[in-house]
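Before any comments, here is the structure.
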Amino acid sequence: MAGSALAQAKCEKPLYLTFDTGHMGVAPLVADVLKRQDVRVTFFVAAERTLTDGDSLDNQWAPWWKARAAEGHEFASHTYDHAYWRGDVRGIEPQFRIRPSAGAFAGREFTWSAAKYCENIAKASDRIAHVTGKKPLPLFRAPGGKTSPKLLAAAQACGYAHVGWAPAGFLGDELPSETFPNDKLLAQALDKIRPGDILLAHLGIWSRKDPWAPTVLEPLIVGLKAKGFCFETLRRHPAYSAWIAAHP
C-alpha cells in the first residue's frame, strides 16, 4: 500500500482543513506549506478582489488552481460574488436579502430568488471546474456562515449542502492581530481542536495587519500531527460523504 493510502487508512483522528478565498496574497505560501506537509484541503471559492486588482478566479490565478487540483485538493463554492445572506423575505416563494461583497455590485443589497442564489453558487462551481478540469464537490459555504433554514433548503433543492465549521475550527485569521496575535491563535487552536473538526482559514484577509498564514499554518499542522491528528478533505467527511455520492 502506498504511503499516502496507508496514512489515510489509519486516519483515526481526522481533521478537515478548509480555506475560503481572499486577497490571495498568501496563497502561494499556503500551497507550499500544504505540499511540504502532504496535507489535502478543501477550497471554497469565490471571485474575490485580489491584491493584483483582479479576482481570485480570474485567468491570472487559473494555473495556481490547476496545480492545486493536480495535488489532490478538493473544491466547492463560496458563492461567486461572495454574497452575504442578510435575511429572508416574507412570501410564499423563498426570497432572500443578499449583499455581495465582490463583483460589480459589491456593497449593494438585493432581493434574490432561490433560483438566483443557486445560480450564484453554481457560477463559482462552474468556474473552478473550468479552470481546473476537476469537478467540484456539491457543497457550498455561505459567506460569514450566515444562513437561514429557508436558504439551506433552497440550496439543497438545487444540489448543494452547506458546510460550516467547528467552534474550535475558527482559526482566527479574520480577527485583529493587535488583540489576537498569531502565537495566541496557534496556542488556542492546538489546545481546543478535537477529532472530526472542520477548520476554517482564508487565502488572505485585508484587515489583518500581521497575516495568519503561513506563519501559523505550518506549526499548527505540525503540532496537530504530533497529537495524532490527520487531515482529509470533505469528500471523506461522514456528514457529507453520502450527499456527495448521491450528487455526482
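Chain labels A, B, ... are given in the sequence in which chains occur in the C-alpha cells; within each chain residues are numbered consecutively from 1, and ligands are likewise numbered from 1 in the order shown.
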
Do you know which residues are at most 8 Å from A:Ala166 counting only C-alpha atoms, after dropping those on the same chain fewer than 4 positions away, and could you put them as an MDAnalysis selection string? chainID A and resid 170 197:199

For stretch 113-126 of chain A, please output as a count of residues only all residues within 6 Å (counting only C-alpha atoms; exclusion window: fewer than 3 positions along the same chain). 8

Write out as JSON lines the residues of stretch 70-188 of chain A that have any atom within 9 Å of an atom of stretch 55-59 of chain A, one row each with the nearest atom pair and its distance in Å to one decimal, counting only C-alpha atoms, sorted by chain and then rising number.
{"residue": "A:Tyr80", "atom": "CA", "partner": "A:Leu57", "partner_atom": "CA", "distance": 8.9}
{"residue": "A:Ala102", "atom": "CA", "partner": "A:Asp55", "partner_atom": "CA", "distance": 8.6}
{"residue": "A:Gly103", "atom": "CA", "partner": "A:Asp55", "partner_atom": "CA", "distance": 8.5}
{"residue": "A:Ala124", "atom": "CA", "partner": "A:Leu57", "partner_atom": "CA", "distance": 8.3}
{"residue": "A:Arg127", "atom": "CA", "partner": "A:Leu57", "partner_atom": "CA", "distance": 7.3}
{"residue": "A:Ile128", "atom": "CA", "partner": "A:Leu57", "partner_atom": "CA", "distance": 7.2}
{"residue": "A:Val131", "atom": "CA", "partner": "A:Asn59", "partner_atom": "CA", "distance": 8.1}

A:Gly91 proximity check over A:Arg36, A:His78, A:Arg194, A:Lys150, using only C-alpha atoms: winner is A:Lys150

Please report, as a PDB file with N, CA and C atoms, in the first residue's frame, each residue of stretch 30-233 of chain A to which DSSP assigns alpha helix (DSSP H) when run on this structure's backbone.
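Heads up, here's the output in part16.pdb:
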ATOM      1  N   VAL A  30       0.768  29.381   1.269  1.00  0.00           N
ATOM      2  CA  VAL A  30      -0.108  28.333   1.794  1.00  0.00           C
ATOM      3  C   VAL A  30       0.083  27.044   1.008  1.00  0.00           C
ATOM      4  N   ALA A  31       0.128  27.157  -0.317  1.00  0.00           N
ATOM      5  CA  ALA A  31       0.314  25.973  -1.156  1.00  0.00           C
ATOM      6  C   ALA A  31       1.637  25.284  -0.846  1.00  0.00           C
ATOM      7  N   ASP A  32       2.683  26.065  -0.617  1.00  0.00           N
ATOM      8  CA  ASP A  32       3.997  25.484  -0.275  1.00  0.00           C
ATOM      9  C   ASP A  32       3.915  24.680   1.018  1.00  0.00           C
ATOM     10  N   VAL A  33       3.240  25.229   2.026  1.00  0.00           N
ATOM     11  CA  VAL A  33       3.106  24.529   3.310  1.00  0.00           C
ATOM     12  C   VAL A  33       2.329  23.234   3.131  1.00  0.00           C
ATOM     13  N   LEU A  34       1.212  23.288   2.428  1.00  0.00           N
ATOM     14  CA  LEU A  34       0.378  22.103   2.244  1.00  0.00           C
ATOM     15  C   LEU A  34       1.136  21.006   1.501  1.00  0.00           C
ATOM     16  N   LYS A  35       1.914  21.401   0.511  1.00  0.00           N
ATOM     17  CA  LYS A  35       2.694  20.419  -0.239  1.00  0.00           C
ATOM     18  C   LYS A  35       3.790  19.825   0.635  1.00  0.00           C
ATOM     19  N   ARG A  36       4.470  20.665   1.371  1.00  0.00           N
ATOM     20  CA  ARG A  36       5.565  20.203   2.238  1.00  0.00           C
ATOM     21  C   ARG A  36       5.055  19.250   3.318  1.00  0.00           C
ATOM     22  N   GLN A  37       3.862  19.552   3.851  1.00  0.00           N
ATOM     23  CA  GLN A  37       3.292  18.740   4.924  1.00  0.00           C
ATOM     24  C   GLN A  37       2.411  17.592   4.409  1.00  0.00           C
ATOM     25  N   ALA A  62      -5.668  31.037 -12.632  1.00  0.00           N
ATOM     26  CA  ALA A  62      -6.032  29.728 -13.175  1.00  0.00           C
ATOM     27  C   ALA A  62      -4.913  28.685 -13.030  1.00  0.00           C
ATOM     28  N   PRO A  63      -3.653  29.006 -13.349  1.00  0.00           N
ATOM     29  CA  PRO A  63      -2.599  27.991 -13.172  1.00  0.00           C
ATOM     30  C   PRO A  63      -2.420  27.564 -11.718  1.00  0.00           C
ATOM     31  N   TRP A  64      -2.609  28.504 -10.798  1.00  0.00           N
ATOM     32  CA  TRP A  64      -2.468  28.167  -9.375  1.00  0.00           C
ATOM     33  C   TRP A  64      -3.538  27.163  -8.964  1.00  0.00           C
ATOM     34  N   TRP A  65      -4.773  27.417  -9.359  1.00  0.00           N
ATOM     35  CA  TRP A  65      -5.850  26.489  -9.018  1.00  0.00           C
ATOM     36  C   TRP A  65      -5.656  25.137  -9.694  1.00  0.00           C
ATOM     37  N   LYS A  66      -5.207  25.157 -10.918  1.00  0.00           N
ATOM     38  CA  LYS A  66      -5.000  23.890 -11.631  1.00  0.00           C
ATOM     39  C   LYS A  66      -3.921  23.054 -10.949  1.00  0.00           C
ATOM     40  N   ALA A  67      -2.889  23.710 -10.451  1.00  0.00           N
ATOM     41  CA  ALA A  67      -1.838  22.997  -9.727  1.00  0.00           C
ATOM     42  C   ALA A  67      -2.374  22.374  -8.437  1.00  0.00           C
ATOM     43  N   ARG A  68      -3.284  23.065  -7.768  1.00  0.00           N
ATOM     44  CA  ARG A  68      -3.865  22.511  -6.539  1.00  0.00           C
ATOM     45  C   ARG A  68      -4.721  21.273  -6.860  1.00  0.00           C
ATOM     46  N   ALA A  69      -5.428  21.313  -7.965  1.00  0.00           N
ATOM     47  CA  ALA A  69      -6.215  20.148  -8.372  1.00  0.00           C
ATOM     48  C   ALA A  69      -5.306  18.952  -8.624  1.00  0.00           C
ATOM     49  N   ALA A  70      -4.177  19.196  -9.284  1.00  0.00           N
ATOM     50  CA  ALA A  70      -3.234  18.113  -9.575  1.00  0.00           C
ATOM     51  C   ALA A  70      -2.663  17.507  -8.298  1.00  0.00           C
ATOM     52  N   ALA A 114     -34.694  32.099  -4.876  1.00  0.00           N
ATOM     53  CA  ALA A 114     -33.902  30.889  -4.633  1.00  0.00           C
ATOM     54  C   ALA A 114     -33.103  30.522  -5.880  1.00  0.00           C
ATOM     55  N   ALA A 115     -33.713  30.684  -7.046  1.00  0.00           N
ATOM     56  CA  ALA A 115     -33.027  30.345  -8.292  1.00  0.00           C
ATOM     57  C   ALA A 115     -31.810  31.236  -8.519  1.00  0.00           C
ATOM     58  N   LYS A 116     -31.943  32.522  -8.198  1.00  0.00           N
ATOM     59  CA  LYS A 116     -30.834  33.451  -8.363  1.00  0.00           C
ATOM     60  C   LYS A 116     -29.680  33.104  -7.418  1.00  0.00           C
ATOM     61  N   TYR A 117     -30.023  32.760  -6.184  1.00  0.00           N
ATOM     62  CA  TYR A 117     -28.983  32.380  -5.226  1.00  0.00           C
ATOM     63  C   TYR A 117     -28.278  31.103  -5.689  1.00  0.00           C
ATOM     64  N   CYS A 118     -29.061  30.126  -6.128  1.00  0.00           N
ATOM     65  CA  CYS A 118     -28.476  28.888  -6.631  1.00  0.00           C
ATOM     66  C   CYS A 118     -27.576  29.147  -7.835  1.00  0.00           C
ATOM     67  N   GLU A 119     -27.987  30.073  -8.661  1.00  0.00           N
ATOM     68  CA  GLU A 119     -27.186  30.434  -9.836  1.00  0.00           C
ATOM     69  C   GLU A 119     -25.814  30.959  -9.417  1.00  0.00           C
ATOM     70  N   ASN A 120     -25.781  31.729  -8.331  1.00  0.00           N
ATOM     71  CA  ASN A 120     -24.514  32.282  -7.874  1.00  0.00           C
ATOM     72  C   ASN A 120     -23.630  31.211  -7.238  1.00  0.00           C
ATOM     73  N   ILE A 121     -24.242  30.252  -6.551  1.00  0.00           N
ATOM     74  CA  ILE A 121     -23.472  29.107  -6.045  1.00  0.00           C
ATOM     75  C   ILE A 121     -22.864  28.352  -7.220  1.00  0.00           C
ATOM     76  N   ALA A 122     -23.703  28.040  -8.199  1.00  0.00           N
ATOM     77  CA  ALA A 122     -23.270  27.230  -9.337  1.00  0.00           C
ATOM     78  C   ALA A 122     -22.216  27.940 -10.178  1.00  0.00           C
ATOM     79  N   LYS A 123     -22.296  29.263 -10.265  1.00  0.00           N
ATOM     80  CA  LYS A 123     -21.334  30.009 -11.087  1.00  0.00           C
ATOM     81  C   LYS A 123     -19.910  29.820 -10.576  1.00  0.00           C
ATOM     82  N   ALA A 124     -19.735  29.831  -9.257  1.00  0.00           N
ATOM     83  CA  ALA A 124     -18.397  29.604  -8.700  1.00  0.00           C
ATOM     84  C   ALA A 124     -17.946  28.172  -8.953  1.00  0.00           C
ATOM     85  N   SER A 125     -18.854  27.214  -8.771  1.00  0.00           N
ATOM     86  CA  SER A 125     -18.510  25.814  -9.035  1.00  0.00           C
ATOM     87  C   SER A 125     -18.143  25.597 -10.492  1.00  0.00           C
ATOM     88  N   ASP A 126     -18.922  26.184 -11.382  1.00  0.00           N
ATOM     89  CA  ASP A 126     -18.645  26.022 -12.810  1.00  0.00           C
ATOM     90  C   ASP A 126     -17.312  26.645 -13.197  1.00  0.00           C
ATOM     91  N   ARG A 127     -17.002  27.792 -12.608  1.00  0.00           N
ATOM     92  CA  ARG A 127     -15.751  28.463 -12.943  1.00  0.00           C
ATOM     93  C   ARG A 127     -14.542  27.649 -12.474  1.00  0.00           C
ATOM     94  N   ILE A 128     -14.585  27.123 -11.255  1.00  0.00           N
ATOM     95  CA  ILE A 128     -13.436  26.354 -10.775  1.00  0.00           C
ATOM     96  C   ILE A 128     -13.314  25.041 -11.530  1.00  0.00           C
ATOM     97  N   ALA A 129     -14.424  24.478 -11.953  1.00  0.00           N
ATOM     98  CA  ALA A 129     -14.387  23.270 -12.782  1.00  0.00           C
ATOM     99  C   ALA A 129     -13.719  23.563 -14.119  1.00  0.00           C
ATOM    100  N   HIS A 130     -14.074  24.705 -14.720  1.00  0.00           N
ATOM    101  CA  HIS A 130     -13.475  25.099 -15.996  1.00  0.00           C
ATOM    102  C   HIS A 130     -11.977  25.346 -15.858  1.00  0.00           C
ATOM    103  N   VAL A 131     -11.591  25.994 -14.776  1.00  0.00           N
ATOM    104  CA  VAL A 131     -10.181  26.357 -14.561  1.00  0.00           C
ATOM    105  C   VAL A 131      -9.324  25.132 -14.278  1.00  0.00           C
ATOM    106  N   THR A 132      -9.850  24.197 -13.487  1.00  0.00           N
ATOM    107  CA  THR A 132      -9.041  23.071 -13.025  1.00  0.00           C
ATOM    108  C   THR A 132      -9.246  21.789 -13.807  1.00  0.00           C
ATOM    109  N   PRO A 149     -32.836  28.573   7.656  1.00  0.00           N
ATOM    110  CA  PRO A 149     -33.395  27.291   7.204  1.00  0.00           C
ATOM    111  C   PRO A 149     -33.933  27.343   5.771  1.00  0.00           C
ATOM    112  N   LYS A 150     -34.556  28.458   5.405  1.00  0.00           N
ATOM    113  CA  LYS A 150     -35.072  28.587   4.039  1.00  0.00           C
ATOM    114  C   LYS A 150     -33.942  28.628   3.012  1.00  0.00           C
ATOM    115  N   LEU A 151     -32.872  29.326   3.330  1.00  0.00           N
ATOM    116  CA  LEU A 151     -31.734  29.401   2.407  1.00  0.00           C
ATOM    117  C   LEU A 151     -31.106  28.029   2.232  1.00  0.00           C
ATOM    118  N   LEU A 152     -30.912  27.302   3.333  1.00  0.00           N
ATOM    119  CA  LEU A 152     -30.306  25.976   3.265  1.00  0.00           C
ATOM    120  C   LEU A 152     -31.182  25.017   2.471  1.00  0.00           C
ATOM    121  N   ALA A 153     -32.501  25.121   2.662  1.00  0.00           N
ATOM    122  CA  ALA A 153     -33.429  24.261   1.917  1.00  0.00           C
ATOM    123  C   ALA A 153     -33.386  24.575   0.430  1.00  0.00           C
ATOM    124  N   ALA A 154     -33.294  25.866   0.090  1.00  0.00           N
ATOM    125  CA  ALA A 154     -33.225  26.262  -1.313  1.00  0.00           C
ATOM    126  C   ALA A 154     -31.953  25.733  -1.962  1.00  0.00           C
ATOM    127  N   ALA A 155     -30.837  25.830  -1.253  1.00  0.00           N
ATOM    128  CA  ALA A 155     -29.567  25.345  -1.794  1.00  0.00           C
ATOM    129  C   ALA A 155     -29.581  23.833  -1.958  1.00  0.00           C
ATOM    130  N   GLN A 156     -30.136  23.134  -0.978  1.00  0.00           N
ATOM    131  CA  GLN A 156     -30.205  21.679  -1.090  1.00  0.00           C
ATOM    132  C   GLN A 156     -31.084  21.260  -2.261  1.00  0.00           C
ATOM    133  N   ALA A 157     -32.147  22.020  -2.501  1.00  0.00           N
ATOM    134  CA  ALA A 157     -33.054  21.696  -3.597  1.00  0.00           C
ATOM    135  C   ALA A 157     -32.364  21.793  -4.954  1.00  0.00           C
ATOM    136  N   ASN A 182      -0.645  36.060  16.467  1.00  0.00           N
ATOM    137  CA  ASN A 182      -0.503  34.725  15.904  1.00  0.00           C
ATOM    138  C   ASN A 182      -0.168  33.671  16.946  1.00  0.00           C
ATOM    139  N   ASP A 183       0.691  33.997  17.911  1.00  0.00           N
ATOM    140  CA  ASP A 183       1.061  32.984  18.901  1.00  0.00           C
ATOM    141  C   ASP A 183      -0.138  32.580  19.766  1.00  0.00           C
ATOM    142  N   LYS A 184      -1.013  33.542  20.040  1.00  0.00           N
ATOM    143  CA  LYS A 184      -2.216  33.252  20.824  1.00  0.00           C
ATOM    144  C   LYS A 184      -3.165  32.356  20.034  1.00  0.00           C
ATOM    145  N   LEU A 185      -3.345  32.645  18.743  1.00  0.00           N
ATOM    146  CA  LEU A 185      -4.236  31.843  17.914  1.00  0.00           C
ATOM    147  C   LEU A 185      -3.702  30.424  17.754  1.00  0.00           C
ATOM    148  N   LEU A 186      -2.398  30.290  17.613  1.00  0.00           N
ATOM    149  CA  LEU A 186      -1.793  28.966  17.483  1.00  0.00           C
ATOM    150  C   LEU A 186      -2.017  28.144  18.745  1.00  0.00           C
ATOM    151  N   ALA A 187      -1.715  28.725  19.903  1.00  0.00           N
ATOM    152  CA  ALA A 187      -1.866  28.007  21.168  1.00  0.00           C
ATOM    153  C   ALA A 187      -3.322  27.613  21.405  1.00  0.00           C
ATOM    154  N   GLN A 188      -4.228  28.506  21.082  1.00  0.00           N
ATOM    155  CA  GLN A 188      -5.651  28.250  21.273  1.00  0.00           C
ATOM    156  C   GLN A 188      -6.122  27.088  20.412  1.00  0.00           C
ATOM    157  N   ALA A 189      -5.696  27.078  19.143  1.00  0.00           N
ATOM    158  CA  ALA A 189      -6.108  26.018  18.230  1.00  0.00           C
ATOM    159  C   ALA A 189      -5.545  24.666  18.672  1.00  0.00           C
ATOM    160  N   LEU A 190      -4.279  24.628  19.040  1.00  0.00           N
ATOM    161  CA  LEU A 190      -3.667  23.369  19.458  1.00  0.00           C
ATOM    162  C   LEU A 190      -4.324  22.811  20.712  1.00  0.00           C
ATOM    163  N   ASP A 191      -4.832  23.690  21.539  1.00  0.00           N
ATOM    164  CA  ASP A 191      -5.467  23.267  22.790  1.00  0.00           C
ATOM    165  C   ASP A 191      -6.898  22.778  22.595  1.00  0.00           C
ATOM    166  N   LYS A 192      -7.639  23.398  21.679  1.00  0.00           N
ATOM    167  CA  LYS A 192      -9.087  23.184  21.629  1.00  0.00           C
ATOM    168  C   LYS A 192      -9.586  22.303  20.486  1.00  0.00           C
ATOM    169  N   LEU A 217       0.161  28.533  10.040  1.00  0.00           N
ATOM    170  CA  LEU A 217      -0.319  27.331   9.366  1.00  0.00           C
ATOM    171  C   LEU A 217       0.607  26.134   9.559  1.00  0.00           C
ATOM    172  N   GLU A 218       1.888  26.304   9.276  1.00  0.00           N
ATOM    173  CA  GLU A 218       2.774  25.136   9.358  1.00  0.00           C
ATOM    174  C   GLU A 218       2.962  24.636  10.790  1.00  0.00           C
ATOM    175  N   PRO A 219       3.248  25.506  11.765  1.00  0.00           N
ATOM    176  CA  PRO A 219       3.346  24.982  13.133  1.00  0.00           C
ATOM    177  C   PRO A 219       2.041  24.380  13.638  1.00  0.00           C
ATOM    178  N   LEU A 220       0.915  24.868  13.159  1.00  0.00           N
ATOM    179  CA  LEU A 220      -0.367  24.291  13.540  1.00  0.00           C
ATOM    180  C   LEU A 220      -0.481  22.867  12.994  1.00  0.00           C
ATOM    181  N   ILE A 221      -0.181  22.694  11.721  1.00  0.00           N
ATOM    182  CA  ILE A 221      -0.253  21.352  11.123  1.00  0.00           C
ATOM    183  C   ILE A 221       0.718  20.407  11.818  1.00  0.00           C
ATOM    184  N   VAL A 222       1.947  20.860  12.017  1.00  0.00           N
ATOM    185  CA  VAL A 222       2.957  20.026  12.673  1.00  0.00           C
ATOM    186  C   VAL A 222       2.516  19.655  14.091  1.00  0.00           C
ATOM    187  N   GLY A 223       1.991  20.647  14.815  1.00  0.00           N
ATOM    188  CA  GLY A 223       1.549  20.402  16.183  1.00  0.00           C
ATOM    189  C   GLY A 223       0.373  19.450  16.263  1.00  0.00           C
ATOM    190  N   LEU A 224      -0.565  19.582  15.325  1.00  0.00           N
ATOM    191  CA  LEU A 224      -1.717  18.695  15.311  1.00  0.00           C
ATOM    192  C   LEU A 224      -1.311  17.270  14.925  1.00  0.00           C
ATOM    193  N   LYS A 225      -0.404  17.144  13.984  1.00  0.00           N
ATOM    194  CA  LYS A 225       0.101  15.812  13.631  1.00  0.00           C
ATOM    195  C   LYS A 225       0.770  15.155  14.834  1.00  0.00           C
ATOM    196  N   ALA A 226       1.519  15.944  15.605  1.00  0.00           N
ATOM    197  CA  ALA A 226       2.208  15.415  16.788  1.00  0.00           C
ATOM    198  C   ALA A 226       1.222  14.898  17.832  1.00  0.00           C
TER     199      ALA A 226
END

Identify which of the residues A:Arg108, A:Ala161, A:Thr215, A:Asp53 lies closest to A:Ala242, counting only C-alpha atoms when measuring atom-to-atom distances. A:Ala161

Counting only C-alpha atoms, which residues of stretch 78-194 of chain A fall within 10 Å of stretch 7-23 of chain A, and what is the closest atom pair for each with its distance in Å at one decimal, ordered by chain and rising number, as JSON lines?
{"residue": "A:His78", "atom": "CA", "partner": "A:Asp20", "partner_atom": "CA", "distance": 7.2}
{"residue": "A:His82", "atom": "CA", "partner": "A:Thr21", "partner_atom": "CA", "distance": 9.4}
{"residue": "A:Arg141", "atom": "CA", "partner": "A:Asp20", "partner_atom": "CA", "distance": 8.6}
{"residue": "A:Pro143", "atom": "CA", "partner": "A:Asp20", "partner_atom": "CA", "distance": 8.9}
{"residue": "A:Val163", "atom": "CA", "partner": "A:Thr18", "partner_atom": "CA", "distance": 9.9}
{"residue": "A:Gly164", "atom": "CA", "partner": "A:Thr18", "partner_atom": "CA", "distance": 9.9}
{"residue": "A:Trp165", "atom": "CA", "partner": "A:Thr18", "partner_atom": "CA", "distance": 8.8}
{"residue": "A:Ala166", "atom": "CA", "partner": "A:Tyr16", "partner_atom": "CA", "distance": 9.9}
{"residue": "A:Gly169", "atom": "CA", "partner": "A:Leu17", "partner_atom": "CA", "distance": 8.4}
{"residue": "A:Ile193", "atom": "CA", "partner": "A:Leu15", "partner_atom": "CA", "distance": 8.8}
{"residue": "A:Arg194", "atom": "CA", "partner": "A:Leu15", "partner_atom": "CA", "distance": 8.0}

Which residues are near stretch 172-175 of chain A? Cut-off 10 Å, only C-alpha atoms, ignore same chain within fewer than 5 positions. Put them as a VMD selection string. chain A and resid 180 to 182 184 to 186 188 to 189 200 to 213 216

Put those residues in a file: N, CA, C and O atoms, as a CSV table (one decimal), in the first residue's frame.
chain,number,residue,atom,x,y,z
A,180,PHE,N,-5.5,39.6,18.9
A,180,PHE,CA,-5.4,38.2,18.7
A,180,PHE,C,-4.1,37.9,17.9
A,180,PHE,O,-4.1,37.5,16.7
A,181,PRO,N,-2.9,38.0,18.5
A,181,PRO,CA,-1.7,37.8,17.8
A,181,PRO,C,-1.5,36.3,17.4
A,181,PRO,O,-2.2,35.4,17.9
A,182,ASN,N,-0.6,36.1,16.5
A,182,ASN,CA,-0.5,34.7,15.9
A,182,ASN,C,-0.2,33.7,16.9
A,182,ASN,O,-0.7,32.6,16.9
A,184,LYS,N,-1.0,33.5,20.0
A,184,LYS,CA,-2.2,33.3,20.8
A,184,LYS,C,-3.2,32.4,20.0
A,184,LYS,O,-3.7,31.4,20.6
A,185,LEU,N,-3.3,32.6,18.7
A,185,LEU,CA,-4.2,31.8,17.9
A,185,LEU,C,-3.7,30.4,17.8
A,185,LEU,O,-4.5,29.5,17.8
A,186,LEU,N,-2.4,30.3,17.6
A,186,LEU,CA,-1.8,29.0,17.5
A,186,LEU,C,-2.0,28.1,18.7
A,186,LEU,O,-2.5,27.0,18.7
A,188,GLN,N,-4.2,28.5,21.1
A,188,GLN,CA,-5.7,28.2,21.3
A,188,GLN,C,-6.1,27.1,20.4
A,188,GLN,O,-6.9,26.2,20.9
A,189,ALA,N,-5.7,27.1,19.1
A,189,ALA,CA,-6.1,26.0,18.2
A,189,ALA,C,-5.5,24.7,18.7
A,189,ALA,O,-6.3,23.7,18.7
A,200,LEU,N,-11.3,26.3,9.6
A,200,LEU,CA,-11.5,27.4,8.6
A,200,LEU,C,-10.4,28.4,8.6
A,200,LEU,O,-10.1,28.9,9.7
A,201,ALA,N,-9.8,28.7,7.5
A,201,ALA,CA,-8.9,29.8,7.3
A,201,ALA,C,-9.1,30.4,5.9
A,201,ALA,O,-10.0,29.9,5.2
A,202,HIS,N,-8.3,31.4,5.6
A,202,HIS,CA,-8.6,32.2,4.3
A,202,HIS,C,-7.3,32.4,3.6
A,202,HIS,O,-6.2,32.4,4.2
A,203,LEU,N,-7.4,32.6,2.3
A,203,LEU,CA,-6.2,32.9,1.4
A,203,LEU,C,-6.0,34.4,1.4
A,203,LEU,O,-5.9,35.0,0.3
A,204,GLY,N,-5.9,35.0,2.6
A,204,GLY,CA,-5.6,36.4,2.6
A,204,GLY,C,-6.8,37.2,3.2
A,204,GLY,O,-7.9,37.2,2.6
A,205,ILE,N,-6.5,37.9,4.3
A,205,ILE,CA,-7.5,38.8,4.9
A,205,ILE,C,-7.0,40.2,4.9
A,205,ILE,O,-5.9,40.6,5.3
A,206,TRP,N,-7.8,41.1,4.3
A,206,TRP,CA,-7.4,42.5,4.1
A,206,TRP,C,-7.2,43.2,5.4
A,206,TRP,O,-6.2,44.0,5.5
A,207,SER,N,-8.0,43.0,6.4
A,207,SER,CA,-8.0,43.8,7.6
A,207,SER,C,-6.9,43.4,8.6
A,207,SER,O,-6.6,44.2,9.5
A,208,ARG,N,-6.3,42.2,8.5
A,208,ARG,CA,-5.4,41.7,9.5
A,208,ARG,C,-4.0,42.2,9.2
A,208,ARG,O,-3.4,42.0,8.1
A,209,LYS,N,-3.3,42.9,10.1
A,209,LYS,CA,-2.0,43.6,9.8
A,209,LYS,C,-0.9,42.5,9.8
A,209,LYS,O,0.0,42.7,9.1
A,210,ASP,N,-1.0,41.6,10.7
A,210,ASP,CA,0.1,40.5,10.8
A,210,ASP,C,-0.6,39.2,10.3
A,210,ASP,O,-1.3,38.5,11.0
A,211,PRO,N,-0.3,38.9,9.0
A,211,PRO,CA,-1.0,37.7,8.4
A,211,PRO,C,-0.9,36.4,9.2
A,211,PRO,O,0.2,36.1,9.7
A,212,TRP,N,-2.0,35.7,9.3
A,212,TRP,CA,-2.0,34.4,10.0
A,212,TRP,C,-1.3,33.4,9.2
A,212,TRP,O,-0.5,32.6,9.7
A,213,ALA,N,-1.5,33.4,7.9
A,213,ALA,CA,-0.9,32.4,7.0
A,213,ALA,C,0.3,33.1,6.3
A,213,ALA,O,0.1,34.2,5.9
A,216,VAL,N,1.3,30.8,11.1
A,216,VAL,CA,0.6,29.9,12.0
A,216,VAL,C,0.4,28.5,11.3
A,216,VAL,O,0.4,27.5,12.0

What are the DSSP strand (DSSP E) residues of stretch 65-196 of chain A, as a list in words?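 Of stretch 65-196 of chain A, only Glu74, Phe75, Ala76, Ser77, Ala83, Tyr84, Trp85, Arg86, Gly87, Asp88, Val89, Gln95, Phe96, Arg97, Ile98, Arg99, Pro100, Phe110, Thr111, Trp112, Ser113, Leu139, Phe140, Ala161 and His162 of chain A fall in strand (DSSP E).
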
Write a file of the just-selected residues containing C-alpha atoms, as a PDB file, in the first residue's frame.
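The resulting file, out_22.pdb, is reproduced below:
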ATOM      1  CA  GLU A  74     -10.922  19.493  -3.451  1.00  0.00           C
ATOM      2  CA  PHE A  75     -13.055  22.491  -4.381  1.00  0.00           C
ATOM      3  CA  ALA A  76     -16.520  23.802  -3.542  1.00  0.00           C
ATOM      4  CA  SER A  77     -18.483  27.041  -3.928  1.00  0.00           C
ATOM      5  CA  ALA A  83     -22.877  37.027  -1.456  1.00  0.00           C
ATOM      6  CA  TYR A  84     -23.912  37.523   2.173  1.00  0.00           C
ATOM      7  CA  TRP A  85     -27.358  36.421   3.310  1.00  0.00           C
ATOM      8  CA  ARG A  86     -28.961  39.346   5.155  1.00  0.00           C
ATOM      9  CA  GLY A  87     -32.441  37.996   5.811  1.00  0.00           C
ATOM     10  CA  ASP A  88     -35.413  36.106   4.439  1.00  0.00           C
ATOM     11  CA  VAL A  89     -38.160  37.959   2.573  1.00  0.00           C
ATOM     12  CA  GLN A  95     -36.598  35.076  -1.453  1.00  0.00           C
ATOM     13  CA  PHE A  96     -33.600  36.489   0.371  1.00  0.00           C
ATOM     14  CA  ARG A  97     -31.978  39.811   1.063  1.00  0.00           C
ATOM     15  CA  ILE A  98     -28.432  39.439  -0.270  1.00  0.00           C
ATOM     16  CA  ARG A  99     -25.414  41.740  -0.198  1.00  0.00           C
ATOM     17  CA  PRO A 100     -22.484  40.772  -2.437  1.00  0.00           C
ATOM     18  CA  PHE A 110     -30.654  42.974  -3.438  1.00  0.00           C
ATOM     19  CA  THR A 111     -33.597  40.632  -3.187  1.00  0.00           C
ATOM     20  CA  TRP A 112     -32.725  37.310  -4.778  1.00  0.00           C
ATOM     21  CA  SER A 113     -34.997  34.394  -5.558  1.00  0.00           C
ATOM     22  CA  LEU A 139     -21.128  21.690  -1.331  1.00  0.00           C
ATOM     23  CA  PHE A 140     -21.072  25.391  -0.563  1.00  0.00           C
ATOM     24  CA  ALA A 161     -25.239  21.061   1.016  1.00  0.00           C
ATOM     25  CA  HIS A 162     -23.904  23.753   3.321  1.00  0.00           C
TER      26      HIS A 162
END

Tell me which of A:His73, A:Glu48, A:Arg90, A:Lys134 sits closest to A:Ala104, counting only C-alpha atoms.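 Checking each candidate against A:Ala104, we get A:Glu48 as the closest.
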
Of the listed residues A:Val26, A:Leu171, A:Leu137, A:Ala47, that which approaches A:Ala246 most closely, counting only C-alpha atoms: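 Nearest candidate to A:Ala246 out of A:Val26, A:Leu171, A:Leu137, A:Ala47: A:Leu137.
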
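What separates atom CA of A:Gly196 from atom CA of A:Pro136 is a distance of 21.6 Å.
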
Please indicate the distance in Å from atom CA of A:Tyr240 to atom CA of A:Phe44, rounded to one decimal place.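 According to the coordinates, atom CA of A:Tyr240 and atom CA of A:Phe44 are separated by 14.9 Å.
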
Atom CA of A:Thr42 to atom CA of A:Pro28, straight-line distance in Å: 15.7 Å

Shortest interatomic distance to A:Ala27 - which of A:Leu51, A:Gly72, A:Arg40, A:Tyr160, counting only C-alpha atoms: A:Leu51
